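J.: Data: protein32.cif, mmCIF, C-alpha atoms.
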```cif
data_protein
loop_
_atom_site.label_atom_id
_atom_site.label_comp_id
_atom_site.auth_asym_id
_atom_site.auth_seq_id
_atom_site.Cartn_x
_atom_site.Cartn_y
_atom_site.Cartn_z
CA GLN A 1 14.61 75.62 5.30
CA SER A 2 17.15 72.79 5.36
CA TYR A 3 16.29 69.43 6.87
CA SER A 4 19.75 68.02 6.15
CA GLN A 5 19.92 66.27 9.51
CA PHE A 6 17.25 63.92 8.20
CA ASP A 7 18.71 63.37 4.70
CA ARG A 8 18.98 59.76 3.64
CA GLU A 9 22.65 60.25 2.67
CA LYS A 10 23.45 61.00 6.29
CA ARG A 11 21.44 58.12 7.70
CA GLN A 12 24.04 55.36 7.61
CA ALA A 13 22.57 53.90 10.79
CA MET A 14 19.57 52.66 8.83
CA ALA A 15 21.71 49.79 7.59
CA HIS A 16 21.95 48.54 11.18
CA VAL A 17 18.20 47.87 11.42
CA THR A 18 17.52 44.14 11.23
CA ASP A 19 14.40 42.01 11.29
CA PHE A 20 13.45 39.85 14.27
CA LYS A 21 15.22 36.70 13.02
CA GLU A 22 18.55 38.50 12.64
CA ALA A 23 18.05 40.02 16.08
CA GLY A 24 17.71 36.55 17.62
CA PHE A 25 13.94 36.04 18.01
CA ASN A 26 11.48 33.47 16.71
CA THR A 27 8.67 35.93 16.00
CA LEU A 28 8.26 39.67 15.62
CA LEU A 29 5.81 39.84 18.52
CA GLU A 30 8.31 38.04 20.75
CA GLU A 31 10.94 40.67 19.96
CA LEU A 32 8.60 43.63 20.54
CA GLU A 33 7.50 42.20 23.88
CA TRP A 34 11.09 41.51 24.97
CA ARG A 35 12.02 45.08 24.13
CA GLY A 36 9.13 46.42 26.20
CA LEU A 37 7.55 48.05 23.17
CA ILE A 38 4.04 46.72 23.78
CA SER A 39 2.01 47.74 26.81
CA GLN A 40 -1.56 47.00 25.65
CA SER A 41 -2.94 45.08 22.70
CA THR A 42 -5.94 43.30 21.30
CA ASP A 43 -6.11 39.52 21.70
CA ARG A 44 -2.48 38.33 21.71
CA ASP A 45 -3.09 35.20 19.63
CA ARG A 46 -4.93 37.20 16.99
CA LEU A 47 -2.19 39.84 16.95
CA ALA A 48 0.54 37.20 16.74
CA GLU A 49 -1.25 35.50 13.85
CA ALA A 50 -1.51 38.80 11.97
CA LEU A 51 2.17 39.66 12.48
CA ASN A 52 3.43 36.15 11.70
CA GLY A 53 1.47 35.67 8.48
CA GLU A 54 1.59 37.41 5.12
CA PRO A 55 2.62 41.11 5.22
CA ILE A 56 -0.12 43.37 6.54
CA THR A 57 -0.67 47.12 6.30
CA TYR A 58 -0.44 49.08 9.54
CA TYR A 59 -0.53 52.74 10.49
CA CYS A 60 0.40 55.23 13.15
CA GLY A 61 -0.85 58.80 13.41
CA PHE A 62 1.24 61.88 14.17
CA ASP A 63 -0.60 65.14 14.82
CA PRO A 64 1.25 68.35 13.86
CA THR A 65 0.71 70.10 17.19
CA ALA A 66 4.34 71.30 17.23
CA ALA A 67 7.11 71.96 14.72
CA SER A 68 8.90 68.72 15.55
CA LEU A 69 8.40 65.20 16.79
CA HIS A 70 9.98 64.23 20.13
CA ILE A 71 11.32 61.03 21.67
CA GLY A 72 7.84 59.93 22.71
CA ASN A 73 7.02 59.82 18.98
CA LEU A 74 10.36 58.12 18.35
CA VAL A 75 9.08 55.04 20.20
CA GLN A 76 6.28 54.75 17.64
CA LEU A 77 8.68 55.26 14.76
CA ILE A 78 10.94 52.54 16.12
CA ASN A 79 7.95 50.21 16.37
CA MET A 80 7.05 51.09 12.79
CA ARG A 81 10.63 50.42 11.71
CA HIS A 82 10.59 46.98 13.36
CA LEU A 83 7.37 46.13 11.51
CA GLN A 84 8.71 47.53 8.25
CA ALA A 85 11.93 45.50 8.56
CA ALA A 86 9.78 42.39 9.01
CA GLY A 87 8.05 43.09 5.68
CA HIS A 88 4.83 44.74 6.84
CA HIS A 89 3.62 47.85 5.01
CA PRO A 90 3.65 51.17 6.92
CA ILE A 91 1.30 54.11 6.61
CA ALA A 92 2.28 57.33 8.38
CA LEU A 93 -0.77 59.47 8.93
CA VAL A 94 0.16 63.11 9.53
CA GLY A 95 -3.03 64.55 10.94
CA GLY A 96 -3.82 67.59 8.87
CA ALA A 97 -7.36 67.47 10.27
CA THR A 98 -6.87 66.11 13.78
CA GLY A 99 -3.87 68.41 14.19
CA LEU A 100 -6.32 71.31 13.97
CA ILE A 101 -8.26 69.83 16.91
CA GLY A 102 -5.70 68.17 19.17
CA ASP A 103 -6.37 65.02 21.16
CA PRO A 104 -7.41 65.53 24.79
CA ARG A 105 -4.52 65.92 27.19
CA GLN A 106 -4.57 64.51 30.69
CA SER A 107 -5.23 68.02 31.98
CA GLY A 108 -6.08 71.30 30.30
CA GLU A 109 -7.57 72.21 26.95
CA ARG A 110 -5.22 72.51 23.99
CA THR A 111 -4.65 75.81 22.20
CA LEU A 112 -5.99 75.66 18.64
CA ASN A 113 -3.27 76.68 16.20
CA PRO A 114 -3.84 78.59 12.91
CA LYS A 115 -4.40 76.39 9.84
CA ASP A 116 -1.33 77.66 7.99
CA VAL A 117 0.87 76.94 11.00
CA VAL A 118 -0.49 73.39 11.29
CA ALA A 119 0.09 72.83 7.55
CA GLY A 120 3.70 73.97 7.89
CA TRP A 121 4.27 71.70 10.87
CA ALA A 122 2.73 68.77 8.98
CA ASP A 123 5.28 69.25 6.20
CA ARG A 124 8.15 69.25 8.70
CA LEU A 125 6.88 66.10 10.39
CA LYS A 126 6.66 64.23 7.10
CA LYS A 127 10.30 65.06 6.40
CA GLN A 128 11.30 63.83 9.85
CA ILE A 129 9.36 60.58 9.49
CA GLY A 130 10.91 60.09 6.06
CA GLY A 131 14.32 60.21 7.73
CA ILE A 132 13.40 57.39 10.11
CA LEU A 133 11.41 55.00 7.92
CA GLU A 134 12.38 53.59 4.55
CA THR A 135 10.93 55.79 1.79
CA GLU A 136 12.25 53.83 -1.17
CA GLY A 137 12.63 50.23 -2.27
CA SER A 138 10.08 47.44 -2.21
CA ASN A 139 8.38 48.42 1.06
CA PRO A 140 8.35 52.21 1.42
CA VAL A 141 6.26 54.16 3.91
CA ARG A 142 3.05 55.68 2.52
CA PHE A 143 2.15 59.19 3.74
CA VAL A 144 -1.48 60.23 4.13
CA SER A 145 -3.29 63.18 5.69
CA ASN A 146 -6.72 62.78 7.25
CA TYR A 147 -7.55 66.30 6.04
CA ASP A 148 -7.98 64.77 2.57
CA TRP A 149 -11.05 62.73 3.56
CA THR A 150 -12.29 64.77 6.52
CA ALA A 151 -12.37 68.32 5.13
CA SER A 152 -14.96 67.48 2.48
CA MET A 153 -17.34 65.89 5.00
CA ASN A 154 -20.13 68.23 6.13
CA VAL A 155 -21.61 68.16 9.63
CA ILE A 156 -24.73 66.22 8.63
CA ASP A 157 -22.73 63.51 6.84
CA PHE A 158 -20.33 63.27 9.77
CA LEU A 159 -23.15 62.82 12.28
CA ARG A 160 -25.15 60.39 10.12
CA ASP A 161 -22.36 58.25 8.69
CA VAL A 162 -19.84 58.27 11.53
CA GLY A 163 -21.28 59.67 14.73
CA LYS A 164 -24.26 57.32 14.81
CA ASN A 165 -21.92 54.37 15.32
CA PHE A 166 -20.53 55.68 18.62
CA ARG A 167 -22.23 55.27 21.99
CA MET A 168 -21.95 57.97 24.63
CA GLY A 169 -21.40 55.51 27.45
CA THR A 170 -18.37 54.02 25.72
CA MET A 171 -16.96 57.43 24.81
CA LEU A 172 -17.39 58.78 28.35
CA ALA A 173 -15.61 55.74 29.77
CA LYS A 174 -12.40 56.42 27.85
CA ASP A 175 -9.64 57.05 30.38
CA THR A 176 -8.52 60.52 29.29
CA VAL A 177 -12.10 61.71 28.77
CA ALA A 178 -13.14 60.43 32.19
CA ARG A 179 -10.24 62.24 33.85
CA ARG A 180 -11.02 65.49 32.09
CA LEU A 181 -14.72 65.26 32.95
CA ASN A 182 -13.77 64.96 36.60
CA SER A 183 -11.36 67.88 36.44
CA GLU A 184 -12.17 71.48 37.25
CA GLU A 185 -11.82 72.57 33.61
CA GLY A 186 -13.77 69.69 32.08
CA ILE A 187 -13.55 68.94 28.37
CA SER A 188 -14.88 70.73 25.30
CA PHE A 189 -17.08 69.07 22.67
CA THR A 190 -14.22 69.63 20.21
CA GLU A 191 -11.71 67.51 22.10
CA PHE A 192 -14.40 65.04 23.15
CA SER A 193 -15.07 64.39 19.45
CA TYR A 194 -11.43 63.61 18.69
CA GLN A 195 -11.89 59.87 19.23
CA VAL A 196 -14.66 59.83 16.61
CA LEU A 197 -12.34 61.46 14.06
CA GLN A 198 -9.54 59.01 14.81
CA GLY A 199 -11.92 56.07 14.64
CA ASN A 200 -13.06 57.25 11.23
CA ASP A 201 -9.41 57.48 10.11
CA PHE A 202 -8.89 53.78 10.84
CA LEU A 203 -12.09 52.90 8.96
CA HIS A 204 -11.01 54.96 5.95
CA LEU A 205 -7.55 53.34 5.86
CA PHE A 206 -9.14 49.90 6.23
CA ASP A 207 -11.42 50.56 3.27
CA GLU A 208 -8.78 52.27 1.12
CA TYR A 209 -5.64 50.22 1.87
CA HIS A 210 -6.92 47.22 3.84
CA CYS A 211 -5.04 48.54 6.89
CA VAL A 212 -5.66 46.08 9.74
CA LEU A 213 -3.37 47.34 12.53
CA GLU A 214 -3.02 50.68 14.30
CA ILE A 215 -0.28 51.47 16.82
CA GLY A 216 0.27 54.37 19.21
CA GLY A 217 1.27 55.39 22.71
CA SER A 218 -0.53 53.92 25.71
CA ASP A 219 -2.26 57.25 26.31
CA GLN A 220 -3.95 56.69 22.91
CA TRP A 221 -5.58 53.38 23.84
CA GLY A 222 -9.09 54.82 23.91
CA ASN A 223 -8.65 56.48 20.52
CA LEU A 224 -7.19 53.31 18.99
CA THR A 225 -10.01 51.09 20.21
CA SER A 226 -12.60 53.54 18.87
CA GLY A 227 -11.45 52.68 15.33
CA LEU A 228 -11.28 48.98 16.11
CA ASP A 229 -14.87 49.04 17.42
CA LEU A 230 -16.08 51.10 14.46
CA ILE A 231 -14.62 48.69 11.88
CA HIS A 232 -16.09 45.71 13.70
CA LYS A 233 -19.50 47.36 13.79
CA VAL A 234 -19.77 48.61 10.22
CA ARG A 235 -17.61 46.07 8.35
CA GLY A 236 -17.90 43.02 10.60
CA VAL A 237 -14.12 42.55 10.65
CA ASP A 238 -11.77 42.15 13.62
CA VAL A 239 -8.64 44.28 13.28
CA ASN A 240 -5.81 44.86 15.75
CA VAL A 241 -4.25 47.62 17.79
CA PHE A 242 -1.37 47.81 20.21
CA THR A 243 0.25 50.54 22.26
CA SER A 244 3.73 51.15 23.60
CA PRO A 245 4.63 52.50 27.04
CA ILE A 246 4.94 56.22 27.70
CA ILE A 247 8.60 57.08 28.25
CA THR A 248 9.33 58.69 31.61
CA ASP A 249 12.43 59.90 33.43
CA ALA A 250 13.80 58.49 36.69
CA GLN A 251 11.15 60.43 38.63
CA GLY A 252 8.35 59.01 36.51
CA LYS A 253 7.79 62.28 34.64
CA LYS A 254 6.77 62.00 31.00
CA PHE A 255 9.21 63.22 28.34
CA GLY A 256 6.87 65.23 26.17
CA LYS A 257 6.12 68.71 24.96
CA SER A 258 3.05 68.96 27.18
CA GLU A 259 5.34 68.47 30.19
CA GLY A 260 7.73 71.22 29.08
CA ASN A 261 10.76 68.93 28.83
CA ALA A 262 10.46 67.56 25.31
CA VAL A 263 13.51 66.00 23.72
CA TRP A 264 12.94 67.15 20.15
CA LEU A 265 14.08 65.23 17.07
CA ASP A 266 14.60 68.38 14.99
CA GLY A 267 18.25 69.43 15.21
CA THR A 268 17.30 73.10 14.98
CA MET A 269 15.18 72.79 18.13
CA LEU A 270 17.54 70.52 20.06
CA SER A 271 21.07 70.19 18.73
CA PRO A 272 22.57 66.77 17.99
CA TYR A 273 25.12 67.56 20.74
CA LYS A 274 22.42 68.03 23.38
CA PHE A 275 20.49 65.06 22.01
CA TYR A 276 23.60 62.88 22.40
CA GLN A 277 24.26 64.20 25.89
CA PHE A 278 20.67 63.45 26.93
CA TRP A 279 21.19 59.75 26.22
CA PHE A 280 24.77 59.64 27.48
CA ASN A 281 23.72 61.08 30.85
CA ARG A 282 20.97 58.54 31.57
CA PRO A 283 21.60 56.64 34.82
CA ASP A 284 22.64 52.98 34.98
CA SER A 285 19.22 52.05 36.34
CA GLU A 286 17.60 53.03 33.00
CA MET A 287 20.05 51.25 30.70
CA GLU A 288 18.18 47.97 30.30
CA ASN A 289 14.87 49.55 29.32
CA LEU A 290 16.41 52.19 27.06
CA LEU A 291 18.76 49.85 25.20
CA LYS A 292 15.91 47.46 24.51
CA ALA A 293 13.41 50.08 23.41
CA PHE A 294 15.54 52.63 21.57
CA THR A 295 18.17 50.53 19.79
CA PHE A 296 18.07 47.73 17.24
CA LEU A 297 21.01 45.90 18.81
CA PRO A 298 20.68 42.10 19.01
CA LYS A 299 19.50 40.58 22.28
CA ALA A 300 22.91 39.10 23.11
CA GLU A 301 24.69 42.44 22.73
CA ILE A 302 22.14 44.27 24.87
CA GLU A 303 22.46 41.65 27.60
CA ARG A 304 26.25 42.00 27.48
CA LEU A 305 26.02 45.79 27.83
CA ILE A 306 23.60 45.51 30.74
CA GLU A 307 25.94 43.12 32.54
CA GLU A 308 28.90 45.40 31.81
CA SER A 309 27.05 48.39 33.30
CA LYS A 310 26.62 46.39 36.52
CA THR A 311 30.17 45.07 36.81
CA ASN A 312 32.02 48.12 35.46
CA PRO A 313 29.68 51.14 35.70
CA GLY A 314 32.53 53.65 35.57
CA ALA A 315 33.28 52.77 31.95
CA ARG A 316 29.77 53.85 30.91
CA GLU A 317 29.93 51.59 27.86
CA ALA A 318 26.17 51.11 27.89
CA GLN A 319 25.56 54.87 27.90
CA ARG A 320 28.07 55.47 25.12
CA THR A 321 26.50 52.76 23.00
CA LEU A 322 22.96 53.98 23.67
CA ALA A 323 23.87 57.59 22.84
CA TRP A 324 25.64 56.56 19.62
CA GLU A 325 22.88 54.26 18.42
CA VAL A 326 19.98 56.66 19.01
CA THR A 327 21.73 59.85 17.91
CA SER A 328 23.10 58.31 14.71
CA PHE A 329 19.69 56.81 13.96
CA VAL A 330 18.01 60.22 14.22
CA HIS A 331 20.70 62.68 13.14
CA GLY A 332 23.17 60.56 11.17
CA GLU A 333 26.66 59.32 11.94
CA GLU A 334 28.52 62.50 10.97
CA ALA A 335 26.53 64.74 13.33
CA THR A 336 26.99 62.15 16.08
CA ARG A 337 30.76 62.04 15.58
CA GLN A 338 30.85 65.85 15.80
CA ALA A 339 28.90 65.72 19.07
CA ILE A 340 31.33 63.20 20.55
CA GLU A 341 34.38 65.11 19.37
CA ALA A 342 32.97 68.36 20.76
CA ALA A 343 32.44 66.81 24.19
CA GLY A 344 36.03 65.55 24.26
CA ALA A 345 37.52 68.78 22.93
CA LEU A 346 35.78 70.98 25.49
CA PHE A 347 37.74 69.41 28.33
CA GLY A 348 40.96 68.76 26.43
CA ARG A 349 40.39 65.02 26.16
CA GLY A 350 41.05 64.77 22.43
CA GLY A 351 39.81 66.63 19.42
CA ASP A 352 40.55 70.16 18.29
CA LEU A 353 38.22 72.94 19.39
CA ALA A 354 38.87 74.73 16.11
CA ASP A 355 37.32 71.82 14.22
CA ILE A 356 33.94 72.15 15.95
CA ASP A 357 31.34 73.95 13.83
CA GLU A 358 29.71 77.03 15.31
CA SER A 359 26.26 75.54 15.94
CA THR A 360 27.67 72.47 17.72
CA LEU A 361 30.00 74.65 19.78
CA GLU A 362 27.21 77.01 20.80
CA ALA A 363 25.01 74.09 21.82
CA ALA A 364 27.82 72.47 23.79
CA ILE A 365 28.51 75.57 25.87
CA ASP A 366 24.90 76.67 26.31
CA GLY A 367 25.00 75.69 29.98
CA MET A 368 27.92 78.08 30.61
CA LYS A 369 25.84 81.21 30.33
CA VAL A 370 25.89 83.64 33.25
CA ASP A 371 22.48 85.07 34.14
CA GLY A 372 21.02 83.76 30.90
CA GLU A 373 23.68 84.99 28.48
CA PHE A 374 27.33 84.58 27.64
CA ALA A 375 29.67 87.04 29.32
CA LYS A 376 30.83 89.65 26.80
CA VAL A 377 34.52 90.46 26.32
CA ALA A 378 36.73 91.84 23.56
CA ALA A 379 40.19 91.33 22.14
CA GLY A 380 42.63 93.10 24.46
CA ASP A 381 40.82 92.11 27.65
CA ARG A 382 42.91 90.12 30.10
CA VAL A 383 42.22 86.39 30.37
CA ALA A 384 41.98 86.82 34.15
CA GLU A 385 39.11 89.30 33.71
CA ALA A 386 37.39 87.05 31.18
CA GLY A 387 37.61 84.14 33.61
CA MET A 388 36.02 86.19 36.33
CA LYS A 389 33.20 87.31 34.02
CA ALA A 390 32.62 83.68 33.06
CA GLY A 391 32.00 82.87 36.72
CA LEU A 392 35.18 80.86 37.31
CA PHE A 393 36.71 83.26 39.83
CA LYS A 394 35.38 85.58 42.50
CA SER A 395 38.05 88.21 41.94
CA ILE A 396 40.89 89.23 39.64
CA SER A 397 43.41 88.39 42.34
CA GLU A 398 42.05 84.86 42.61
CA ALA A 399 42.27 84.47 38.82
CA ARG A 400 45.85 85.76 38.74
CA LYS A 401 46.85 83.43 41.55
CA THR A 402 45.37 80.41 39.75
CA ILE A 403 47.11 81.37 36.50
CA LYS A 404 50.40 81.63 38.37
CA SER A 405 49.94 78.10 39.72
CA GLY A 406 49.31 76.75 36.20
CA GLY A 407 45.63 75.98 36.67
CA VAL A 408 44.03 78.11 33.92
CA TYR A 409 43.57 77.16 30.25
CA LEU A 410 42.40 79.21 27.28
CA ASN A 411 40.93 76.99 24.57
CA ASN A 412 42.75 74.05 26.24
CA ASN A 413 46.13 75.84 26.16
CA ARG A 414 47.72 76.54 29.55
CA ILE A 415 48.03 80.23 30.44
CA GLU A 416 51.36 81.13 32.06
CA ASP A 417 51.28 84.94 31.95
CA GLU A 418 48.99 86.61 34.50
CA GLU A 419 48.69 89.60 32.17
CA GLN A 420 47.92 87.66 28.98
CA VAL A 421 45.16 89.24 26.92
CA LEU A 422 42.67 87.81 24.47
CA ALA A 423 43.47 88.07 20.77
CA GLU A 424 40.94 87.95 17.93
CA ALA A 425 42.33 84.54 17.00
CA ASP A 426 41.33 83.22 20.43
CA PHE A 427 37.63 83.47 19.58
CA LEU A 428 36.47 80.15 18.15
CA ALA A 429 34.26 80.62 15.08
CA GLY A 430 34.95 84.31 15.67
CA ARG A 431 32.59 84.28 18.67
CA PHE A 432 33.57 82.21 21.71
CA ALA A 433 36.60 81.68 23.92
CA LEU A 434 36.67 78.84 26.42
CA ILE A 435 38.38 79.23 29.76
CA ARG A 436 38.97 76.26 32.01
CA ARG A 437 39.98 76.20 35.65
CA GLY A 438 41.62 72.92 36.52
CA LYS A 439 40.23 69.79 34.91
CA LYS A 440 36.48 70.30 35.19
CA ALA A 441 35.45 73.95 35.79
CA LEU A 442 34.70 75.37 32.34
CA GLY A 443 33.42 78.79 31.33
CA ALA A 444 32.76 80.58 28.07
CA VAL A 445 32.86 84.22 26.98
CA GLU A 446 31.59 85.80 23.78
CA ASN A 447 33.26 88.37 21.58
CA ARG A 448 31.30 91.58 21.79
#
```
In C-alpha cells, how does this file's structure come out?
T.:
Amino acid sequence: QSYSQFDREKRQAMAHVTDFKEAGFNTLLEELEWRGLISQSTDRDRLAEALNGEPITYYCGFDPTAASLHIGNLVQLINMRHLQAAGHHPIALVGGATGLIGDPRQSGERTLNPKDVVAGWADRLKKQIGGILETEGSNPVRFVSNYDWTASMNVIDFLRDVGKNFRMGTMLAKDTVARRLNSEEGISFTEFSYQVLQGNDFLHLFDEYHCVLEIGGSDQWGNLTSGLDLIHKVRGVDVNVFTSPIITDAQGKKFGKSEGNAVWLDGTMLSPYKFYQFWFNRPDSEMENLLKAFTFLPKAEIERLIEESKTNPGAREAQRTLAWEVTSFVHGEEATRQAIEAAGALFGRGGDLADIDESTLEAAIDGMKVDGEFAKVAAGDRVAEAGMKAGLFKSISEARKTIKSGGVYLNNNRIEDEEQVLAEADFLAGRFALIRRGKKALGAVENR
C-alpha cells in the first residue's frame, strides 16, 4: 500500500517549522502556553527548567486502535514538533502492547482487535508519524513499541515488579476510571490495568533512554501521572508530564474516532480535499484557537490574521491560511494545491475540471449523492434528464426552461440547447459529469 501522502519529498511545509525564538518567544514553554497547547502540567518552574536547559528526551504514545491517526493526535504531534525544533529528542511510542488492550474511554468498553490487525495499524501509524516529525538529521525521532518489553513479562513478574508499586486508592481516583466505575457498564480489569502498563512504559524509557518528559491529551492525565509516580517511587527522580487540551467543535463535541466524527490524517480515509474543507469551513469564532494550536506561524502573523477576521470576515483570509498551513503540513503542498484548485473549478471560479485527478474529484463531489449514491446516466441521455436525476430540478420541463434562460452549465460550460445530450467526453475521468444550476446549485451524475 502506498503512503505517498506522507512522503518526505512532498512535505515542503516542514521547512516552515521554526523554534520558539524565531517564532517570537523568549522560552519554549512561553510559546506552548501562548498557543494553548498546555492544559495540565507538573510543577511549572520544574518543567520550564527542563525545557530551557540542555536537550532532554521526551515521549508520546500512540495506540494503534484504528488504521489512522486523527486531528486529536495531530495536536500531540505538533507539540512534539515544537519540542523537536527546539532541540529536544523525541520518542514516538507506538503501542504494540497497549494497543491490544485500549485505554479506558469515558463510556463503554473497547472492542479488542485481533493481534495481526493491531500490528498492521501500528505500521501505518509509524509511517504517518514519520511524515510529521523529522526522521533524519541530527535530531531524528526514535520509534519504539512497548510490545518489545511487555510481551516477555509473565504475570508473576508483572505483579511483583510493577503492580506492587501501585496503590488501589490512587488508581480508583483517576478521573476516567472513577467515571467508568460509576457508570452502568463499569470497567473491566483489563482496561483498569492500562494505567499500570503505561506507567511501566515511562519507567522503561527513563531507564533505557533517560526520558524525563511524557506528553499526551488531557484525557490521559491519569495515565501520565502513573508513570511519573512510579519513577519517583522506584528511582527517586522527579520527571515531568504535560497535557494538551482536547479539541472540540463549536458545540463542544470532541473530534475523535470514539465520537464517530474523526478527522483522519490518512488521505485514503479522508481525502486531502475534505481535510482542507474541514479547516476552511471553521467559523470565525474558532480562528484564534486553531491558528495558535495547529500552525507554526509567528505570533505577529497570527495576531494580524485574527484582527483581519474581525474587521473583514468576508475575505476569510484566516480560514484560507489555516486550511493551507494544516493541510500542507499533513498531506504536502501539491495535494493541498489540488484541493484548492478542485474547489475553485467545481463552481467555475478558476481551474480546469479536466485537470482534477479522479480521487480528488470523487471526494469533492461526495456530498452530491442522491439517496446515498451518484445518479446513473449514460452517453446519449439529455442534460435536462441528468440534471433532474441529480436533484437540481423537479421536472424535465423545469430543466428545459432553465436551460432556455441560460442558467444551466455542464462541466462549467453553459448549455444553450434544451435537447443537448451527454457525450462520452463529458464524463470527467471517464466517470462523472457536473451539472450546475445558476451560480451555486451543483449536482453530479455518474456514467453507468
J.: Would you mind reading off the distance between atom CA of Lys21 of chain A and atom CA of Ser244 of chain A, one decimal, in Å?
T.: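 Here the two named atoms are 21.3 Å from each other.
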J.: Select, from A:His82, A:Arg437, A:Lys115, A:Arg320, the residue with the minimum atom-to-atom distance to Leu51 of chain A, counting all atoms listed in the file.
T.: A:His82
J.: Can you pull out the residues contacting segment 176-179 of chain A? Cut-off 12 Å, using all atoms listed in the file, and skip same-chain residues under 3 positions away; I want them as a PyMOL selection string.
T.: chain A and resi 103-109+168-173+182-195+218-223
J.: Which residue gives the smallest distance to Ala66 of chain A among A:Asp229, A:Glu134, A:Asp266, A:Glu446, with only C-alpha atoms counted?
T.: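 Nearest to Ala66 of chain A: A:Asp266.
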J.: Point out the residue among A:Ala390, A:Ala379, A:Val162, A:Leu230 with the least atom-to-atom distance to Ile365 of chain A, counting only C-alpha atoms.
T.: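 Ranked by minimum distance to Ile365 of chain A, first place goes to A:Ala390.
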J.: Hey, what's within 8 Å of Val144 of chain A if we count all atoms listed in the file and toss same-chain stuff fewer than 5 positions away? As a VMD selection string, please?
T.: chain A and resid 91 to 94
J.: Would you list the contacts of Asn165 of chain A as a ChimeraX atom specification, taking every protein, DNA or RNA residue within 9 Å and counting all atoms listed in the file, but skipping same-chain residues closer than 4 positions in sequence?
T.: /A:160-161,230,233-234
J.: Since I can't run it myself right now, could you work out what the PyMOL selection byres ((chain A and resi 76) around 8) selects here and report it as a ChimeraX atom specification?
T.: /A:60,72-75,77-80,215-217,244
J.: What is the distance, in Å and to one decimal place, between atom CA of His89 of chain A and atom CA of Pro55 of chain A?
T.: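 Atom CA of Pro55 of chain A lies at a distance of 6.8 Å from atom CA of His89 of chain A.
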J.: Work out how far atom CA of Asn413 of chain A is from atom CA of Leu353 of chain A, in Å to one decimal.
T.: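 Separation of atom CA of Leu353 of chain A and atom CA of Asn413 of chain A: 10.8 Å.
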J.: Taking N, CA, C and O atoms as the atom set, what does segment 336-348 of chain A look like once completed, written as an mmCIF file, in the frame of the given file?
T.:
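Dumped everything to out.cif:
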```
data_model
loop_
_atom_site.group_PDB
_atom_site.id
_atom_site.type_symbol
_atom_site.label_atom_id
_atom_site.label_comp_id
_atom_site.auth_asym_id
_atom_site.auth_seq_id
_atom_site.Cartn_x
_atom_site.Cartn_y
_atom_site.Cartn_z
ATOM 1 N N THR A 336 26.708 62.821 14.807
ATOM 2 C CA THR A 336 26.990 62.150 16.080
ATOM 3 C C THR A 336 28.485 62.189 16.378
ATOM 4 O O THR A 336 28.888 62.441 17.527
ATOM 5 N N ARG A 337 29.312 61.954 15.382
ATOM 6 C CA ARG A 337 30.760 62.040 15.580
ATOM 7 C C ARG A 337 31.162 63.449 16.017
ATOM 8 O O ARG A 337 32.014 63.626 16.904
ATOM 9 N N GLN A 338 30.546 64.469 15.408
ATOM 10 C CA GLN A 338 30.850 65.850 15.800
ATOM 11 C C GLN A 338 30.472 66.104 17.257
ATOM 12 O O GLN A 338 31.196 66.796 17.981
ATOM 13 N N ALA A 339 29.332 65.548 17.675
ATOM 14 C CA ALA A 339 28.900 65.720 19.070
ATOM 15 C C ALA A 339 29.888 65.083 20.033
ATOM 16 O O ALA A 339 30.216 65.658 21.077
ATOM 17 N N ILE A 340 30.378 63.893 19.685
ATOM 18 C CA ILE A 340 31.330 63.200 20.550
ATOM 19 C C ILE A 340 32.657 63.952 20.596
ATOM 20 O O ILE A 340 33.246 64.136 21.666
ATOM 21 N N GLU A 341 33.122 64.391 19.429
ATOM 22 C CA GLU A 341 34.380 65.110 19.370
ATOM 23 C C GLU A 341 34.294 66.437 20.125
ATOM 24 O O GLU A 341 35.250 66.855 20.781
ATOM 25 N N ALA A 342 33.142 67.095 20.047
ATOM 26 C CA ALA A 342 32.970 68.360 20.760
ATOM 27 C C ALA A 342 33.046 68.144 22.266
ATOM 28 O O ALA A 342 33.688 68.927 22.991
ATOM 29 N N ALA A 343 32.422 67.090 22.758
ATOM 30 C CA ALA A 343 32.440 66.810 24.190
ATOM 31 C C ALA A 343 33.869 66.564 24.674
ATOM 32 O O ALA A 343 34.274 67.045 25.741
ATOM 33 N N GLY A 344 34.656 65.812 23.872
ATOM 34 C CA GLY A 344 36.030 65.550 24.260
ATOM 35 C C GLY A 344 36.895 66.803 24.174
ATOM 36 O O GLY A 344 37.720 67.062 25.059
ATOM 37 N N ALA A 345 36.690 67.589 23.135
ATOM 38 C CA ALA A 345 37.520 68.780 22.930
ATOM 39 C C ALA A 345 37.286 69.832 24.004
ATOM 40 O O ALA A 345 38.215 70.543 24.395
ATOM 41 N N LEU A 346 36.084 69.950 24.496
ATOM 42 C CA LEU A 346 35.780 70.980 25.490
ATOM 43 C C LEU A 346 36.681 70.860 26.717
ATOM 44 O O LEU A 346 37.105 71.862 27.297
ATOM 45 N N PHE A 347 36.969 69.631 27.119
ATOM 46 C CA PHE A 347 37.740 69.410 28.330
ATOM 47 C C PHE A 347 39.151 68.904 28.028
ATOM 48 O O PHE A 347 39.820 68.344 28.893
ATOM 49 N N GLY A 348 39.603 69.097 26.770
ATOM 50 C CA GLY A 348 40.960 68.760 26.430
ATOM 51 C C GLY A 348 41.248 67.276 26.418
ATOM 52 O O GLY A 348 42.388 66.852 26.643
#
```
